[in-house]
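Colleague: For reference, the file start-v5.tsv (TSV, C-alpha atoms (C1' of nucleotides)) is included below:
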chain	number	residue	atom	x	y	z
E	1	MET	CA	0.00	0.00	0.00
E	2	GLU	CA	2.65	2.44	0.99
E	3	GLY	CA	4.44	1.73	-2.26
E	4	GLN	CA	1.58	3.32	-4.14
E	5	PHE	CA	2.23	6.63	-2.50
E	6	MET	CA	5.94	6.56	-2.00
E	7	GLN	CA	8.61	6.57	-4.60
E	8	THR	CA	12.32	6.19	-4.18
E	9	SER	CA	14.35	9.00	-5.59
E	10	ASN	CA	15.63	6.59	-8.21
E	11	VAL	CA	12.18	5.74	-9.44
E	12	GLN	CA	11.25	9.38	-9.37
E	13	SER	CA	14.17	10.50	-11.47
E	14	SER	CA	13.59	7.61	-13.85
E	15	SER	CA	9.97	8.55	-14.26
E	16	GLN	CA	10.93	12.18	-14.86
E	17	SER	CA	13.34	11.00	-17.48
E	18	SER	CA	10.84	8.94	-19.36
E	19	ARG	CA	8.38	11.78	-19.15
E	20	PHE	CA	10.90	14.03	-20.85
E	21	ALA	CA	11.34	11.55	-23.70
E	22	ASP	CA	7.63	10.82	-23.97
E	23	CYS	CA	6.64	14.47	-24.02
E	24	LEU	CA	9.33	15.16	-26.58
E	25	LEU	CA	8.31	12.28	-28.85
E	26	GLY	CA	4.63	13.11	-28.58
E	27	TRP	CA	5.42	16.60	-29.71
E	28	PHE	CA	7.74	15.36	-32.45
E	29	ASP	CA	5.07	13.17	-34.00
E	30	VAL	CA	2.91	16.23	-34.57
E	31	PHE	CA	5.30	19.16	-34.94
E	32	GLY	CA	8.70	17.65	-35.83
E	33	ARG	CA	10.39	17.86	-39.19
E	34	HIS	CA	9.64	14.69	-41.12
E	35	ASP	CA	10.28	15.86	-44.64
E	36	LEU	CA	14.00	16.64	-44.78
E	37	PRO	CA	15.77	15.15	-47.81
E	38	TRP	CA	18.00	12.89	-45.72
E	39	GLN	CA	14.96	11.36	-44.02
E	40	HIS	CA	13.69	9.62	-47.15
E	41	PRO	CA	15.83	6.56	-47.08
E	42	LYS	CA	17.47	6.72	-43.68
E	43	SER	CA	20.38	4.66	-44.91
E	44	PRO	CA	23.64	4.81	-42.99
E	45	TYR	CA	25.26	6.46	-45.99
E	46	SER	CA	22.71	9.25	-46.44
E	47	VAL	CA	22.51	9.85	-42.70
E	48	TRP	CA	26.29	10.05	-42.52
E	49	VAL	CA	26.58	12.51	-45.40
E	50	SER	CA	23.86	14.71	-43.94
E	51	GLU	CA	25.35	14.67	-40.45
E	52	ILE	CA	28.74	15.75	-41.73
E	53	MET	CA	27.20	18.55	-43.80
E	54	LEU	CA	25.15	19.66	-40.81
E	55	GLN	CA	28.20	20.14	-38.61
E	56	GLN	CA	28.32	23.89	-37.94
E	57	THR	CA	25.97	24.49	-40.84
E	58	GLN	CA	22.26	25.20	-40.72
E	59	VAL	CA	19.61	22.97	-42.25
E	60	GLN	CA	18.43	25.51	-44.80
E	61	THR	CA	21.93	25.84	-46.21
E	62	VAL	CA	22.59	22.10	-46.30
E	63	ILE	CA	19.48	20.96	-48.18
E	64	SER	CA	20.52	21.92	-51.71
E	65	TYR	CA	24.10	20.75	-51.20
E	66	PHE	CA	22.88	17.41	-49.91
E	67	GLU	CA	20.60	16.84	-52.89
E	68	ARG	CA	23.33	17.61	-55.42
E	69	PHE	CA	25.86	15.53	-53.52
E	70	MET	CA	23.64	12.46	-53.41
E	71	LEU	CA	22.88	12.74	-57.12
E	72	ALA	CA	26.61	12.85	-57.86
E	73	PHE	CA	27.58	10.14	-55.35
E	74	PRO	CA	24.55	7.92	-54.69
E	75	THR	CA	26.49	5.26	-52.79
E	76	VAL	CA	29.59	5.00	-50.66
E	77	GLN	CA	31.16	3.11	-53.57
E	78	ASP	CA	30.58	6.07	-55.89
E	79	LEU	CA	32.06	8.42	-53.31
E	80	ALA	CA	35.15	6.27	-52.77
E	81	ALA	CA	35.71	5.91	-56.51
E	82	ALA	CA	35.50	9.65	-57.14
E	83	SER	CA	38.53	11.95	-57.13
E	84	GLN	CA	39.02	14.32	-54.22
E	85	ASP	CA	38.68	17.23	-56.61
E	86	ASP	CA	35.30	15.98	-57.74
E	87	VAL	CA	34.13	15.57	-54.15
E	88	LEU	CA	35.38	18.97	-53.07
E	89	SER	CA	33.78	20.67	-56.05
E	90	HIS	CA	30.45	19.56	-54.63
E	91	TRP	CA	31.47	20.97	-51.26
E	92	ALA	CA	32.44	24.38	-52.59
E	93	GLY	CA	30.58	27.08	-50.68
E	94	LEU	CA	29.74	24.95	-47.65
E	95	GLY	CA	32.93	25.82	-45.80
E	96	TYR	CA	34.97	23.66	-43.44
E	97	TYR	CA	36.45	21.77	-46.36
E	98	ALA	CA	38.22	19.31	-44.08
E	99	ARG	CA	34.75	17.82	-43.69
E	100	GLY	CA	34.67	17.04	-47.40
E	101	ARG	CA	38.21	15.66	-47.42
E	102	ASN	CA	37.50	13.47	-44.40
E	103	LEU	CA	34.23	12.26	-45.90
E	104	HIS	CA	36.08	11.13	-49.01
E	105	LYS	CA	38.87	9.57	-46.97
E	106	ALA	CA	36.38	7.71	-44.77
E	107	ALA	CA	34.52	6.38	-47.81
E	108	ARG	CA	37.71	4.73	-49.01
E	109	ILE	CA	38.29	3.28	-45.54
E	110	ILE	CA	34.79	1.85	-45.56
E	111	ILE	CA	35.56	0.15	-48.88
E	112	SER	CA	38.97	-1.14	-47.86
E	113	GLU	CA	38.36	-2.06	-44.25
E	114	HIS	CA	34.63	-2.66	-43.93
E	115	ASP	CA	33.83	-4.46	-47.19
E	116	GLY	CA	31.98	-1.43	-48.46
E	117	GLU	CA	29.39	-1.71	-45.73
E	118	PHE	CA	28.94	1.14	-43.28
E	119	PRO	CA	30.13	-0.08	-39.85
E	120	SER	CA	27.52	-0.42	-37.13
E	121	HIS	CA	29.59	-0.28	-33.93
E	122	PHE	CA	30.47	2.88	-32.06
E	123	ASP	CA	34.21	2.27	-31.94
E	124	GLU	CA	34.40	1.60	-35.66
E	125	ILE	CA	32.30	4.61	-36.56
E	126	VAL	CA	33.99	7.10	-34.25
E	127	SER	CA	37.40	6.12	-35.55
E	128	LEU	CA	36.48	7.22	-39.07
E	129	PRO	CA	37.95	10.61	-39.95
E	130	GLY	CA	35.56	13.50	-39.39
E	131	ILE	CA	33.31	11.59	-36.99
E	132	GLY	CA	33.42	12.41	-33.30
E	133	ARG	CA	31.33	11.18	-30.42
E	134	SER	CA	28.20	13.16	-31.23
E	135	THR	CA	28.16	12.43	-34.95
E	136	ALA	CA	28.77	8.74	-34.30
E	137	ALA	CA	25.83	8.75	-31.90
E	138	ALA	CA	23.63	10.50	-34.45
E	139	ILE	CA	24.42	7.88	-37.08
E	140	LEU	CA	23.95	5.00	-34.65
E	141	SER	CA	20.62	6.26	-33.39
E	142	ILE	CA	19.09	7.48	-36.63
E	143	ALA	CA	20.37	4.85	-39.05
E	144	PHE	CA	20.77	1.86	-36.73
E	145	LYS	CA	18.17	2.71	-34.08
E	146	GLN	CA	20.64	2.15	-31.27
E	147	LYS	CA	20.31	4.09	-28.05
E	148	TYR	CA	23.21	6.55	-28.29
E	149	ALA	CA	22.76	10.12	-27.14
E	150	ILE	CA	24.03	13.07	-29.15
E	151	LEU	CA	25.29	16.38	-27.78
E	152	ASP	CA	25.35	19.09	-30.39
E	153	GLY	CA	24.70	22.79	-30.07
E	154	ASN	CA	20.95	22.28	-29.98
E	155	VAL	CA	21.05	19.67	-27.25
E	156	LYS	CA	23.49	21.71	-25.21
E	157	ARG	CA	21.11	24.65	-25.30
E	158	VAL	CA	18.02	22.55	-24.50
E	159	LEU	CA	19.64	20.77	-21.57
E	160	SER	CA	21.39	23.88	-20.24
E	161	ARG	CA	17.97	25.45	-19.94
E	162	TYR	CA	16.12	22.37	-18.79
E	163	ASP	CA	18.57	21.91	-15.90
E	164	ALA	CA	19.44	25.60	-15.51
E	165	ILE	CA	23.14	24.79	-15.72
E	166	ASP	CA	25.05	27.80	-14.46
E	167	GLN	CA	28.36	27.10	-16.16
E	168	TRP	CA	29.63	27.66	-19.64
E	169	PRO	CA	29.14	24.49	-21.77
E	170	GLY	CA	32.66	24.92	-23.13
E	171	GLU	CA	34.15	23.86	-19.82
E	172	LYS	CA	35.13	20.24	-19.69
E	173	GLN	CA	33.23	19.62	-16.48
E	174	THR	CA	30.08	21.21	-17.83
E	175	GLU	CA	30.28	19.19	-21.00
E	176	ALA	CA	30.64	15.98	-19.00
E	177	LYS	CA	27.53	16.91	-17.02
E	178	LEU	CA	25.63	17.61	-20.25
E	179	TRP	CA	26.68	14.29	-21.78
E	180	HIS	CA	25.45	12.52	-18.68
E	181	ARG	CA	22.10	14.26	-18.77
E	182	ALA	CA	21.76	13.65	-22.50
E	183	GLU	CA	22.12	9.92	-21.88
E	184	VAL	CA	19.90	9.80	-18.81
E	185	LEU	CA	17.04	11.65	-20.49
E	186	MET	CA	17.12	9.38	-23.55
E	187	GLN	CA	14.76	6.83	-22.05
E	188	THR	CA	13.01	5.44	-25.10
E	189	GLU	CA	13.20	2.67	-27.63
E	190	ARG	CA	12.59	5.18	-30.39
E	191	ALA	CA	16.23	6.20	-30.57
E	192	ASP	CA	16.02	7.48	-34.13
E	193	ASP	CA	13.02	9.70	-33.48
E	194	TYR	CA	14.39	10.91	-30.16
E	195	THR	CA	17.59	12.19	-31.76
E	196	GLN	CA	15.68	13.96	-34.49
E	197	ALA	CA	13.15	15.26	-31.97
E	198	ILE	CA	15.59	16.90	-29.59
E	199	MET	CA	17.34	18.60	-32.48
E	200	ASP	CA	14.01	19.80	-33.86
E	201	LEU	CA	13.07	21.11	-30.43
E	202	GLY	CA	16.30	23.08	-30.21
E	203	ALA	CA	15.95	24.42	-33.73
E	204	THR	CA	12.28	25.41	-33.69
E	205	ILE	CA	11.18	25.90	-30.05
E	206	CYS	CA	14.17	26.14	-27.76
E	207	ARG	CA	15.90	28.59	-30.10
E	208	ARG	CA	18.87	30.67	-29.04
E	209	SER	CA	16.83	33.85	-29.20
E	210	LYS	CA	13.10	34.23	-28.83
E	211	PRO	CA	12.43	30.72	-27.60
E	212	LEU	CA	8.79	29.65	-27.85
E	213	CYS	CA	8.46	28.34	-24.31
E	214	ALA	CA	4.68	28.38	-24.40
E	215	GLU	CA	4.75	25.73	-27.10
E	216	CYS	CA	7.44	23.59	-25.49
E	217	PRO	CA	6.52	19.97	-24.74
E	218	VAL	CA	8.89	19.80	-21.74
E	219	LYS	CA	8.20	23.23	-20.24
E	220	ALA	CA	6.78	21.66	-17.08
E	221	GLY	CA	10.21	20.38	-16.09
E	222	CYS	CA	12.30	23.27	-17.36
E	223	GLN	CA	14.26	24.82	-14.48
E	224	ALA	CA	15.23	27.91	-16.45
E	225	LEU	CA	11.63	28.63	-17.30
E	226	LYS	CA	10.58	28.02	-13.71
E	227	ALA	CA	13.03	30.72	-12.63
E	228	ASP	CA	11.95	32.94	-15.52
E	229	LYS	CA	15.58	33.03	-16.68
E	230	VAL	CA	15.49	31.19	-20.00
E	231	GLY	CA	17.45	33.98	-21.63
E	232	ALA	CA	20.32	33.41	-19.22
E	233	TYR	CA	21.03	29.94	-20.62
E	234	PRO	CA	23.21	28.55	-21.92
E	235	VAL	CA	25.74	30.62	-20.00
E	236	SER	CA	27.83	32.43	-22.58
E	237	LYS	CA	31.53	32.08	-22.98
E	238	PRO	CA	33.42	34.10	-20.38
E	239	LYS	CA	34.96	37.08	-22.01
E	240	THR	CA	38.71	36.75	-21.77
E	241	GLU	CA	39.91	39.46	-19.46
E	242	LYS	CA	41.50	42.19	-21.46
E	243	PRO	CA	44.97	43.16	-20.33
E	244	THR	CA	45.48	46.69	-19.04
E	245	ARG	CA	48.45	48.82	-20.05
E	246	GLN	CA	49.56	52.15	-18.61
E	247	VAL	CA	51.28	54.86	-20.54
E	248	VAL	CA	52.37	58.41	-19.78
E	249	MET	CA	51.48	61.03	-22.35
E	250	LEU	CA	53.11	64.44	-22.59
E	251	LEU	CA	51.20	67.65	-23.11
E	252	ALA	CA	54.02	70.06	-23.95
E	253	LEU	CA	52.68	73.59	-24.35
E	254	ASP	CA	54.33	76.81	-25.37
E	255	GLY	CA	51.78	79.56	-25.44
E	256	GLU	CA	49.23	78.55	-28.10
E	257	GLN	CA	51.49	75.82	-29.42
E	258	ILE	CA	51.44	72.11	-28.64
E	259	PHE	CA	53.93	69.41	-29.48
E	260	LEU	CA	52.74	66.33	-31.42
E	261	GLN	CA	54.37	63.22	-32.78
E	262	LYS	CA	53.32	60.99	-35.64
E	263	ARG	CA	52.71	57.44	-34.44
E	264	PRO	CA	54.32	54.45	-36.14
E	265	GLN	CA	52.30	52.92	-38.98
E	266	THR	CA	51.74	49.70	-37.06
E	267	GLY	CA	50.00	49.25	-33.76
E	268	ILE	CA	47.23	51.31	-32.25
E	269	TRP	CA	46.42	54.64	-33.87
E	270	GLY	CA	48.93	53.75	-36.58
E	271	GLY	CA	50.02	56.76	-38.61
E	272	LEU	CA	47.95	59.24	-36.62
E	273	TRP	CA	49.31	62.33	-34.90
E	274	SER	CA	49.21	62.06	-31.14
E	275	LEU	CA	50.93	63.13	-27.95
E	276	PRO	CA	54.41	61.81	-27.19
E	277	GLN	CA	53.98	58.53	-25.32
E	278	PHE	CA	56.22	56.98	-22.65
E	279	ASP	CA	56.17	53.70	-20.80
E	280	ASN	CA	56.55	55.48	-17.46
E	281	GLU	CA	57.40	58.71	-15.71
E	282	ALA	CA	61.13	58.02	-15.67
E	283	GLN	CA	61.32	57.79	-19.44
E	284	LEU	CA	59.47	61.06	-19.72
E	285	SER	CA	61.85	62.85	-17.37
E	286	ALA	CA	64.76	61.49	-19.32
E	287	VAL	CA	63.81	63.45	-22.43
E	288	LEU	CA	62.83	66.69	-20.75
E	289	PRO	CA	65.33	69.53	-20.47
E	290	GLN	CA	67.07	68.87	-17.19
E	291	THR	CA	68.25	72.41	-16.55
E	292	GLY	CA	66.52	74.03	-13.66
E	293	GLU	CA	62.88	74.59	-12.93
E	294	GLN	CA	61.78	76.16	-16.24
E	295	SER	CA	59.77	73.04	-17.08
E	296	VAL	CA	56.86	72.84	-14.71
E	297	LEU	CA	55.21	69.46	-14.51
E	298	GLU	CA	51.56	69.17	-13.73
E	299	THR	CA	49.86	65.85	-13.22
E	300	LEU	CA	46.46	65.74	-14.92
E	301	PRO	CA	43.83	63.16	-13.99
E	302	GLU	CA	44.43	59.78	-15.59
E	303	PHE	CA	41.73	58.17	-17.71
E	304	LYS	CA	41.01	54.89	-19.43
E	305	HIS	CA	40.47	54.08	-23.08
E	306	SER	CA	39.45	50.60	-24.21
E	307	PHE	CA	40.33	48.77	-27.41
E	308	THR	CA	38.96	45.44	-28.57
E	309	HIS	CA	41.96	43.62	-27.14
E	310	TYR	CA	43.14	45.68	-24.18
E	311	HIS	CA	42.49	48.65	-21.90
E	312	LEU	CA	44.81	51.60	-21.99
E	313	ILE	CA	45.23	53.82	-18.94
E	314	ILE	CA	46.57	57.19	-19.98
E	315	GLN	CA	48.39	59.36	-17.44
E	316	PRO	CA	48.73	62.89	-18.89
E	317	ARG	CA	51.60	65.12	-17.80
E	318	MET	CA	51.52	68.80	-18.68
E	319	VAL	CA	54.73	70.78	-19.23
E	320	GLU	CA	55.35	74.40	-20.02
E	321	ALA	CA	58.05	74.29	-22.63
E	322	ASP	CA	60.18	76.47	-24.86
E	323	ALA	CA	59.67	75.44	-28.44
E	324	LYS	CA	62.99	76.99	-29.46
E	325	ALA	CA	64.90	74.79	-27.00
E	326	TRP	CA	63.22	71.50	-27.74
E	327	ALA	CA	65.07	68.35	-28.70
E	328	LEU	CA	62.36	65.75	-29.28
E	329	ALA	CA	61.53	64.67	-32.81
E	330	GLY	CA	58.07	65.80	-33.77
E	331	GLN	CA	56.23	68.97	-34.55
E	332	TRP	CA	55.08	72.10	-32.80
E	333	MET	CA	51.79	73.45	-34.02
E	334	ASN	CA	49.03	75.81	-32.97
E	335	LEU	CA	46.32	74.24	-30.83
E	336	SER	CA	43.63	74.99	-33.41
E	337	GLN	CA	45.83	73.51	-36.09
E	338	ALA	CA	46.53	70.42	-33.97
E	339	LEU	CA	42.84	69.75	-33.56
E	340	GLU	CA	42.56	69.54	-37.35
E	341	MET	CA	45.11	66.75	-37.59
E	342	GLY	CA	42.85	63.71	-37.18
E	343	LEU	CA	43.91	62.89	-33.67
E	344	PRO	CA	42.71	59.77	-31.87
E	345	ALA	CA	39.39	60.67	-30.26
E	346	PRO	CA	40.49	60.33	-26.62
E	347	ILE	CA	43.62	62.39	-27.31
E	348	ARG	CA	41.60	65.07	-29.04
E	349	LYS	CA	39.27	65.21	-26.06
E	350	LEU	CA	42.19	65.50	-23.69
E	351	ILE	CA	43.69	68.38	-25.64
E	352	GLU	CA	40.38	70.19	-25.90
E	353	LYS	CA	39.80	69.86	-22.20
E	354	THR	CA	43.31	71.00	-21.36
E	355	GLU	CA	42.99	74.00	-23.61
E	356	SER	CA	39.76	75.16	-22.01
E	357	LYS	CA	41.02	74.59	-18.53
E	358	HIS	CA	44.65	75.60	-18.58
E	359	VAL	CA	45.23	78.03	-21.46
E	360	LYS	CA	44.04	81.59	-20.95
E	361	ASN	CA	45.00	84.32	-23.39
E	362	GLY	CA	47.93	82.33	-24.67
E	363	GLN	CA	49.16	81.80	-21.17
E	364	LEU	CA	49.49	78.50	-19.36
E	365	CYS	CA	47.92	78.39	-15.93
E	366	LYS	CA	47.83	75.55	-13.54
E	367	ASN	CA	44.32	75.84	-12.27
E	368	GLY	CA	41.67	76.85	-14.74
M	1	DA	C1'	42.50	24.39	-23.12
M	2	DA	C1'	42.93	27.12	-27.07
M	3	DG	C1'	43.17	27.81	-32.00
M	4	DT	C1'	41.52	26.64	-36.59
M	5	DC	C1'	38.36	25.94	-40.17
M	6	DG	C1'	34.21	29.24	-43.01
M	7	DG	C1'	30.06	30.84	-44.84
M	8	DG	C1'	25.53	32.50	-43.43
M	9	DG	C1'	21.97	34.35	-40.34
M	10	DG	C1'	20.25	37.24	-36.67
M	11	DG	C1'	20.39	40.64	-33.01
T	1	DC	C1'	29.65	44.77	-35.21
T	2	DC	C1'	29.23	40.28	-32.45
T	3	DC	C1'	27.73	35.57	-31.51
T	4	DC	C1'	26.16	31.17	-32.96
T	5	DC	C1'	25.36	27.08	-35.94
T	6	DA	C1'	23.36	18.77	-36.32
T	7	DG	C1'	31.95	19.65	-34.34
T	8	DA	C1'	36.27	17.64	-35.21
T	9	DC	C1'	40.92	18.09	-35.32
T	10	DT	C1'	45.57	19.93	-34.24
T	11	DT	C1'	48.76	22.14	-31.20
Could you render the structure from this file as structure tokens?
Modeller:
Amino acid sequence: MEGQFMQTSNVQSSSQSSRFADCLLGWFDVFGRHDLPWQHPKSPYSVWVSEIMLQQTQVQTVISYFERFMLAFPTVQDLAAASQDDVLSHWAGLGYYARGRNLHKAARIIISEHDGEFPSHFDEIVSLPGIGRSTAAAILSIAFKQKYAILDGNVKRVLSRYDAIDQWPGEKQTEAKLWHRAEVLMQTERADDYTQAIMDLGATICRRSKPLCAECPVKAGCQALKADKVGAYPVSKPKTEKPTRQVVMLLALDGEQIFLQKRPQTGIWGGLWSLPQFDNEAQLSAVLPQTGEQSVLETLPEFKHSFTHYHLIIQPRMVEADAKAWALAGQWMNLSQALEMGLPAPIRKLIEKTESKHVKNGQLCKNG
DNA sequence: AAGTCGGGGGG
DNA sequence: CCCCCAGACTT
């Protein structure tokens, strides 16, 4: 009697699992894609070719390539007998041409080592060039109806949301967790339909953007939806921390004149006019006239400018200089003239600000 | 673990 | 512009 009302956690998780598969398959029968060209004869060969083409390439793009390819190479024998050039010409425009080369190579292996018959065991299939764990599982499930779980981009997204996995799928540990869940949830004898179904779900319902959660067959168990955080999954790749570099820049002023240097052609702001740049304060002092206190240094507030690949902290140093006794290579020019030179935006801003704050009637003053 | 292959689509 | 896509392979 008690058994009717109590379930062990094992039974419970197993029943959740089969519910996932059952809900998914029930939905697939009505709303899944059943008319794709590689679903006509689900032969190992046609499934293989389609799976390779579909690596990193969307269905809509693949369809026409697949049809032309199968007309040119209807069997694995035809593919093996063809030249690599002929095979690659049918791949032109699909990208990732190693896929085409590996497909051709594998066809010849199937002829020479498998009697021309597509192998039906995981180890044999996954050892063929161009076939990894997920693609081997797709072929085994769809073409041979064996219970092997796939883990492609669609499945990663579906499961990341379903379990609300708070780590980036690119991490090894996360991927292991996803593989485990992919296998546990695949509780069905309809291995071929399940594989197609979970990919269809990812492509049409559990899309990367604008997912249609209201129409999802497994929404009841979706942890991301329960927390109203579907958009937060899968967790996106951590942005690699950009390095930060510090430089000292020299604002040398003589009345209405400012000193600029042309930057090297390579590197940031290549070829633009800018302020003289130094790695640190010491290198700046080294080039300033040493004699006496005629050069007055003022430390202006530092600021940050970000590039795509690093942050640059700029520490401006202002100096009252004598253009006639100046040794650095570069050019003195009027402030108005300097602002016409196509300066880097942050440098232009700095100069404009300095001018308004520290230059009055052609005279340098410390506090504007 | 990170880089590479590659064209196309969408935000 | 960026990120992602029915990933696998090399370094």
Colleague: Counting only C-alpha atoms (C1' of nucleotides), which residues of chain M sit at most 8 Å from some atom of chain E, and what is each one's closest atom pair with its distance in Å to one decimal, listed by chain and rising residue number, as a tab-separated table?
Modeller:
residue	atom	partner	partner_atom	distance
M:DC5	C1'	E:Tyr96	CA	5.2
M:DG6	C1'	E:Gly95	CA	4.6
M:DG7	C1'	E:Gly95	CA	5.9
Colleague: So that I can check the surroundings of Ile258 (chain E), please list as a list of chain:residue names every protein, DNA and RNA residue that reaches within 6 Å of it, counting only C-alpha atoms (C1' of nucleotides) and ignoring chain neighbours fewer than 2 positions away.
Modeller: E:Ala252, E:Leu253, E:Trp332, E:Met333, E:Leu335
Colleague: May I have the selected residues written with C-alpha atoms, as a short mmCIF file (atom, residue, chain, number, x, y, z; two decimals), keeping the file's coordinate frame?
Modeller:
data_model
loop_
_atom_site.label_atom_id
_atom_site.label_comp_id
_atom_site.auth_asym_id
_atom_site.auth_seq_id
_atom_site.Cartn_x
_atom_site.Cartn_y
_atom_site.Cartn_z
CA ALA E 252 54.02 70.06 -23.95
CA LEU E 253 52.68 73.59 -24.35
CA TRP E 332 55.08 72.10 -32.80
CA MET E 333 51.79 73.45 -34.02
CA LEU E 335 46.32 74.24 -30.83
#
Colleague: Can you pull out every residue within 8 Å of region 213-228 of chain E, counting all atoms listed in the file, but drop anything in the same chain fewer than 5 positions away, and send it as a short mmCIF file (atom, residue, chain, number, x, y, z; two decimals) with C-alpha atoms, in the coordinates of the input?
Modeller:
data_model
loop_
_atom_site.label_atom_id
_atom_site.label_comp_id
_atom_site.auth_asym_id
_atom_site.auth_seq_id
_atom_site.Cartn_x
_atom_site.Cartn_y
_atom_site.Cartn_z
CA PHE E 20 10.90 14.03 -20.85
CA CYS E 23 6.64 14.47 -24.02
CA LEU E 24 9.33 15.16 -26.58
CA TRP E 27 5.42 16.60 -29.71
CA ARG E 161 17.97 25.45 -19.94
CA TYR E 162 16.12 22.37 -18.79
CA ASP E 163 18.57 21.91 -15.90
CA ALA E 164 19.44 25.60 -15.51
CA LEU E 201 13.07 21.11 -30.43
CA ILE E 205 11.18 25.90 -30.05
CA CYS E 206 14.17 26.14 -27.76
CA TYR E 233 21.03 29.94 -20.62
#
Colleague: Compute the chain E side of the contact with chain T at 12 Å, counting only C-alpha atoms (C1' of nucleotides), and hand it back as an MDAnalysis selection string.
Modeller: chainID E and resid 47:62 96:99 102 126:139 150:157 195:200 202:203 207:209 234 236:237 308
Colleague: Find the distance between CA of Ile314 (chain E) and CA of Gln331 (chain E) and write it in Å to one decimal.
Modeller: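 These atoms are spaced 21.1 Å apart.
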Colleague: Which residues are near region 339-345 of chain E? Cut-off 6 Å, only C-alpha atoms (C1' of nucleotides), ignore same chain within fewer than 3 positions. Put them as a list in words.
Modeller: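 With the cut-off at 6 Å, the set is Trp273, Ser274, Ser336 and Arg348 of chain E.
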Colleague: Any chance you could export region 136-176 of chain E with C-alpha atoms, as a compact mmCIF listing (two decimals), in the first residue's frame?
Modeller:
# COMPACT_ATOMS: atom_id res chain seq x y z
CA ALA E 136 28.77 8.74 -34.30
CA ALA E 137 25.83 8.75 -31.90
CA ALA E 138 23.63 10.50 -34.45
CA ILE E 139 24.42 7.88 -37.08
CA LEU E 140 23.95 5.00 -34.65
CA SER E 141 20.62 6.26 -33.39
CA ILE E 142 19.09 7.48 -36.63
CA ALA E 143 20.37 4.85 -39.05
CA PHE E 144 20.77 1.86 -36.73
CA LYS E 145 18.17 2.71 -34.08
CA GLN E 146 20.64 2.15 -31.27
CA LYS E 147 20.31 4.09 -28.05
CA TYR E 148 23.21 6.55 -28.29
CA ALA E 149 22.76 10.12 -27.14
CA ILE E 150 24.03 13.07 -29.15
CA LEU E 151 25.29 16.38 -27.78
CA ASP E 152 25.35 19.09 -30.39
CA GLY E 153 24.70 22.79 -30.07
CA ASN E 154 20.95 22.28 -29.98
CA VAL E 155 21.05 19.67 -27.25
CA LYS E 156 23.49 21.71 -25.21
CA ARG E 157 21.11 24.65 -25.30
CA VAL E 158 18.02 22.55 -24.50
CA LEU E 159 19.64 20.77 -21.57
CA SER E 160 21.39 23.88 -20.24
CA ARG E 161 17.97 25.45 -19.94
CA TYR E 162 16.12 22.37 -18.79
CA ASP E 163 18.57 21.91 -15.90
CA ALA E 164 19.44 25.60 -15.51
CA ILE E 165 23.14 24.79 -15.72
CA ASP E 166 25.05 27.80 -14.46
CA GLN E 167 28.36 27.10 -16.16
CA TRP E 168 29.63 27.66 -19.64
CA PRO E 169 29.14 24.49 -21.77
CA GLY E 170 32.66 24.92 -23.13
CA GLU E 171 34.15 23.86 -19.82
CA LYS E 172 35.13 20.24 -19.69
CA GLN E 173 33.23 19.62 -16.48
CA THR E 174 30.08 21.21 -17.83
CA GLU E 175 30.28 19.19 -21.00
CA ALA E 176 30.64 15.98 -19.00
